[in-house]
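Asks: Here you go, one structure.
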Amino acid sequence: MRIDVFTLVPHAYAWLTEQVPVANVLGTELELRLFNYRDTTPLRAGQVDDDPYGGGAGMVLRVDVVDAALDAVYGAEPPARVVALTPQGRQLDQSLVEELATEPAIAVLSSRFEGFDERIVSHLCTDSVSIGPYVLSGGELPAMVLLDAIARRLPGALADGSGELESFSSALDGGLEYPHYTRPAEYRGWDVPDVLLSGDHGRIDAWRREQSRVRSGA
Ligand SMILES: C[S@@+](CC[C@H](N)C(=O)[O-])C[C@H]1O[C@@H](n2cnc3c(N)ncnc32)[C@H](O)[C@@H]1O
C-alpha cells in the first residue's frame, strides 16, 4: 500500500517512521511519501494560506495551493481515496481503518491554521476524517494516528497473532479486549485472577471472552 501525506511539516513524521509497526512495513508493504505544500505552491515566497473571505481570525489553506500539490504528484490520476483531515469529518474508527487499509493507495491531506478552504474538501477530496471531537493545531498528529492504525493492519507489521485478538477486532465481535496481567502474580495485595495461573487454556479462553463481553457491555 502507498500512503501519500501532504503537509506543511514533513519532518514531524521522522519519529513515526522509526517506530514499530510503521518501521516494520516501510519499504515492503508500505510506501510512505511526504509532500510539502510549499514545494509546489504557485504563489511567491512559499505562500500557502490567505485571509478568510468575510473576515475573522486566522489564515486558511488555499485551494489553488492544494490543487497544485495534487496535480504535481498525480496529474489527472489521483488515488481513489483522497482524505482531508478535519475535526468536522467522519470520525475515525476501526472499520474505517480496515476500509482504508484495503486500498492500494491513499492521499492524506493535513492542514494548519483555521483549516482548509472548503472547496478543497468538497472538490479535491473523497473523504473527510476526524480523529475525534476535539480540535488540534494541525493535521500532523491526526495523519500519524491514521498512518499507525493502517500500518498495524498490513502483513508483517505485528508479531504473529498479536493483531488478531485486539479491541474492535472481528475475533472479539468488535468488542473490547480482555484484561492482561504479568509478573508479579501478587503485588501489594492485588492478585492476578487464579484462572490465568491455572494452565487450563480452555478455561482461560472462556474467561477472556467473558471479560471481553463484560467490558464491551454485551
Ligand atoms: C486548528 S485546526 C482547524 C479547526 C477548524 N477551524 C474548525 O474549527 O473546525 C487545523 C487543522 O488541524 C487538523 N485537525 C485538527 N483537529 C483535528 C481532528 N480532530 N481530526 C482531524 N484533523 C484535525 C485539520 O487538518 C485542521 O484543518
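For the C-alpha cells, the naming scheme is as follows: chains receive sequential letters (A, B, ...) according to their order of presentation, residues are indexed from 1 within each chain, and ligands are indexed from 1 in presentation order.
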For segment 42-51 of chain A, please output as a PyMOL selection string all residues within 9 Å (counting only C-alpha atoms; exclusion window: fewer than 6 positions along the same chain).
Replies: chain A and resi 57-66+68+113
Asks: At a cut-off of 8 Å, can you tabulate as CSV every residue of chain A near ligand 1 together with its closest atom pair and the distance in Å to one decimal, using only C-alpha atoms and all ligand atoms and ordering rows by chain then number?
Replies:
residue,atom,partner,partner_atom_place_in_ligand_line,distance
A:Ala84,CA,ligand 1,25 (O),6.9
A:Leu85,CA,ligand 1,22 (N),4.2
A:Thr86,CA,ligand 1,22 (N),3.7
A:Pro87,CA,ligand 1,18 (C),3.7
A:Gln88,CA,ligand 1,9 (O),5.6
A:Gly89,CA,ligand 1,21 (C),7.2
A:Gln91,CA,ligand 1,20 (N),7.9
A:Leu109,CA,ligand 1,25 (O),7.1
A:Ser110,CA,ligand 1,25 (O),4.2
A:Ser111,CA,ligand 1,25 (O),3.8
A:Arg112,CA,ligand 1,10 (C),4.0
A:Phe113,CA,ligand 1,10 (C),5.0
A:Glu114,CA,ligand 1,6 (N),4.0
A:Gly115,CA,ligand 1,27 (O),3.3
A:Phe116,CA,ligand 1,27 (O),5.5
A:Val129,CA,ligand 1,21 (C),6.0
A:Ser130,CA,ligand 1,20 (N),3.5
A:Ile131,CA,ligand 1,20 (N),4.2
A:Gly132,CA,ligand 1,19 (N),4.6
A:Pro133,CA,ligand 1,19 (N),5.6
A:Tyr134,CA,ligand 1,19 (N),4.9
A:Val135,CA,ligand 1,16 (N),3.8
A:Leu136,CA,ligand 1,16 (N),3.8
A:Ser137,CA,ligand 1,1 (C),4.2
A:Gly138,CA,ligand 1,12 (O),3.2
A:Gly139,CA,ligand 1,13 (C),3.6
A:Glu140,CA,ligand 1,13 (C),7.3
A:Leu141,CA,ligand 1,22 (N),7.9
A:Pro142,CA,ligand 1,21 (C),5.2
A:Ala143,CA,ligand 1,22 (N),7.7
Asks: Keeping N, CA and C atoms for every residue in the selection just given, could you write it to a file as an mmCIF file, in the first residue's frame?
Replies:
data_model
loop_
_atom_site.group_PDB
_atom_site.id
_atom_site.type_symbol
_atom_site.label_atom_id
_atom_site.label_comp_id
_atom_site.auth_asym_id
_atom_site.auth_seq_id
_atom_site.Cartn_x
_atom_site.Cartn_y
_atom_site.Cartn_z
ATOM 1 N N ALA A 84 -9.222 14.298 3.491
ATOM 2 C CA ALA A 84 -8.930 15.546 4.206
ATOM 3 C C ALA A 84 -9.061 15.284 5.696
ATOM 4 N N LEU A 85 -8.056 15.669 6.459
ATOM 5 C CA LEU A 85 -8.144 15.533 7.921
ATOM 6 C C LEU A 85 -8.728 16.813 8.494
ATOM 7 N N THR A 86 -9.856 16.677 9.124
ATOM 8 C CA THR A 86 -10.552 17.835 9.685
ATOM 9 C C THR A 86 -11.401 17.387 10.863
ATOM 10 N N PRO A 87 -11.494 18.224 11.914
ATOM 11 C CA PRO A 87 -12.340 17.827 13.044
ATOM 12 C C PRO A 87 -13.808 17.709 12.652
ATOM 13 N N GLN A 88 -14.144 18.181 11.460
ATOM 14 C CA GLN A 88 -15.553 18.142 11.031
ATOM 15 C C GLN A 88 -15.880 16.893 10.223
ATOM 16 N N GLY A 89 -14.885 15.986 10.059
ATOM 17 C CA GLY A 89 -15.092 14.816 9.205
ATOM 18 C C GLY A 89 -15.744 13.646 9.915
ATOM 19 N N GLN A 91 -15.894 10.422 11.917
ATOM 20 C CA GLN A 91 -14.980 10.041 12.993
ATOM 21 C C GLN A 91 -14.291 8.715 12.694
ATOM 22 N N LEU A 109 -4.509 14.537 3.361
ATOM 23 C CA LEU A 109 -4.233 15.973 3.345
ATOM 24 C C LEU A 109 -4.390 16.540 4.742
ATOM 25 N N SER A 110 -3.325 17.157 5.245
ATOM 26 C CA SER A 110 -3.463 17.809 6.540
ATOM 27 C C SER A 110 -3.365 19.310 6.346
ATOM 28 N N SER A 111 -3.932 20.032 7.301
ATOM 29 C CA SER A 111 -3.911 21.482 7.232
ATOM 30 C C SER A 111 -3.383 22.040 8.545
ATOM 31 N N ARG A 112 -3.303 23.343 8.615
ATOM 32 C CA ARG A 112 -2.974 24.054 9.863
ATOM 33 C C ARG A 112 -3.871 25.279 9.926
ATOM 34 N N PHE A 113 -3.542 26.207 10.694
ATOM 35 C CA PHE A 113 -4.252 27.492 10.790
ATOM 36 C C PHE A 113 -5.745 27.254 11.088
ATOM 37 N N GLU A 114 -6.605 27.977 10.338
ATOM 38 C CA GLU A 114 -8.060 27.804 10.510
ATOM 39 C C GLU A 114 -8.564 26.583 9.755
ATOM 40 N N GLY A 115 -7.716 25.975 8.947
ATOM 41 C CA GLY A 115 -8.134 24.778 8.211
ATOM 42 C C GLY A 115 -8.138 25.002 6.713
ATOM 43 N N PHE A 116 -8.889 24.144 6.011
ATOM 44 C CA PHE A 116 -8.927 24.149 4.541
ATOM 45 C C PHE A 116 -9.927 25.166 4.006
ATOM 46 N N VAL A 129 -12.037 13.133 7.331
ATOM 47 C CA VAL A 129 -11.909 12.250 8.504
ATOM 48 C C VAL A 129 -11.419 13.053 9.708
ATOM 49 N N SER A 130 -12.076 12.804 10.833
ATOM 50 C CA SER A 130 -11.686 13.395 12.109
ATOM 51 C C SER A 130 -11.153 12.284 13.005
ATOM 52 N N ILE A 131 -10.124 12.579 13.810
ATOM 53 C CA ILE A 131 -9.672 11.543 14.752
ATOM 54 C C ILE A 131 -10.395 11.666 16.089
ATOM 55 N N GLY A 132 -11.280 12.626 16.234
ATOM 56 C CA GLY A 132 -12.040 12.730 17.468
ATOM 57 C C GLY A 132 -12.656 14.107 17.600
ATOM 58 N N PRO A 133 -13.642 14.240 18.495
ATOM 59 C CA PRO A 133 -14.347 15.507 18.623
ATOM 60 C C PRO A 133 -13.602 16.513 19.491
ATOM 61 N N TYR A 134 -12.465 16.947 19.014
ATOM 62 C CA TYR A 134 -11.669 17.984 19.660
ATOM 63 C C TYR A 134 -10.810 18.608 18.574
ATOM 64 N N VAL A 135 -10.266 19.780 18.852
ATOM 65 C CA VAL A 135 -9.505 20.482 17.814
ATOM 66 C C VAL A 135 -8.025 20.499 18.176
ATOM 67 N N LEU A 136 -7.209 19.975 17.271
ATOM 68 C CA LEU A 136 -5.754 20.043 17.405
ATOM 69 C C LEU A 136 -5.250 21.199 16.539
ATOM 70 N N SER A 137 -3.966 21.539 16.704
ATOM 71 C CA SER A 137 -3.445 22.713 15.998
ATOM 72 C C SER A 137 -3.084 22.434 14.552
ATOM 73 N N GLY A 138 -2.966 21.162 14.211
ATOM 74 C CA GLY A 138 -2.595 20.830 12.837
ATOM 75 C C GLY A 138 -2.901 19.379 12.549
ATOM 76 N N GLY A 139 -2.804 19.007 11.264
ATOM 77 C CA GLY A 139 -3.173 17.658 10.852
ATOM 78 C C GLY A 139 -2.067 16.630 10.986
ATOM 79 N N GLU A 140 -0.904 17.032 11.547
ATOM 80 C CA GLU A 140 0.206 16.073 11.592
ATOM 81 C C GLU A 140 -0.092 14.918 12.553
ATOM 82 N N LEU A 141 -0.559 15.236 13.743
ATOM 83 C CA LEU A 141 -0.882 14.145 14.675
ATOM 84 C C LEU A 141 -2.024 13.287 14.140
ATOM 85 N N PRO A 142 -3.113 13.874 13.645
ATOM 86 C CA PRO A 142 -4.152 13.044 13.034
ATOM 87 C C PRO A 142 -3.613 12.166 11.895
ATOM 88 N N ALA A 143 -2.738 12.694 11.059
ATOM 89 C CA ALA A 143 -2.185 11.884 9.960
ATOM 90 C C ALA A 143 -1.375 10.724 10.531
#
Asks: If you take only C-alpha atoms and a cut-off of 10 Å, which residues of segment 147-184 of chain A touch segment 191-198 of chain A, and what are their nearest atom pairs and distances in Å to one decimal, in chain and number order, as CSV?
Replies:
residue,atom,partner,partner_atom,distance
A:His180,CA,A:Val192,CA,9.2
A:Tyr181,CA,A:Val192,CA,6.5
A:Thr182,CA,A:Val192,CA,8.0
A:Arg183,CA,A:Val192,CA,8.7
A:Pro184,CA,A:Val192,CA,8.3
Asks: Any chance you could export the current selection's N, CA and C atoms as a PDB file, in the first residue's frame?
Replies:
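To be explicit, this is the file written out as part-v2.pdb:
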ATOM      1  N   HIS A 180      -5.171  -7.817  30.651  1.00  0.00           N
ATOM      2  CA  HIS A 180      -3.901  -8.549  30.681  1.00  0.00           C
ATOM      3  C   HIS A 180      -3.228  -8.364  32.038  1.00  0.00           C
ATOM      4  N   TYR A 181      -2.440  -9.351  32.429  1.00  0.00           N
ATOM      5  CA  TYR A 181      -1.628  -9.276  33.657  1.00  0.00           C
ATOM      6  C   TYR A 181      -0.265  -9.890  33.361  1.00  0.00           C
ATOM      7  N   THR A 182       0.749  -9.451  34.111  1.00  0.00           N
ATOM      8  CA  THR A 182       2.057 -10.109  34.030  1.00  0.00           C
ATOM      9  C   THR A 182       2.664 -10.172  35.431  1.00  0.00           C
ATOM     10  N   ARG A 183       3.890 -10.689  35.566  1.00  0.00           N
ATOM     11  CA  ARG A 183       4.512 -10.843  36.874  1.00  0.00           C
ATOM     12  C   ARG A 183       4.665  -9.487  37.583  1.00  0.00           C
ATOM     13  N   PRO A 184       4.614  -9.382  38.878  1.00  0.00           N
ATOM     14  CA  PRO A 184       4.439 -10.488  39.831  1.00  0.00           C
ATOM     15  C   PRO A 184       2.953 -10.889  39.957  1.00  0.00           C
TER      16      PRO A 184
END
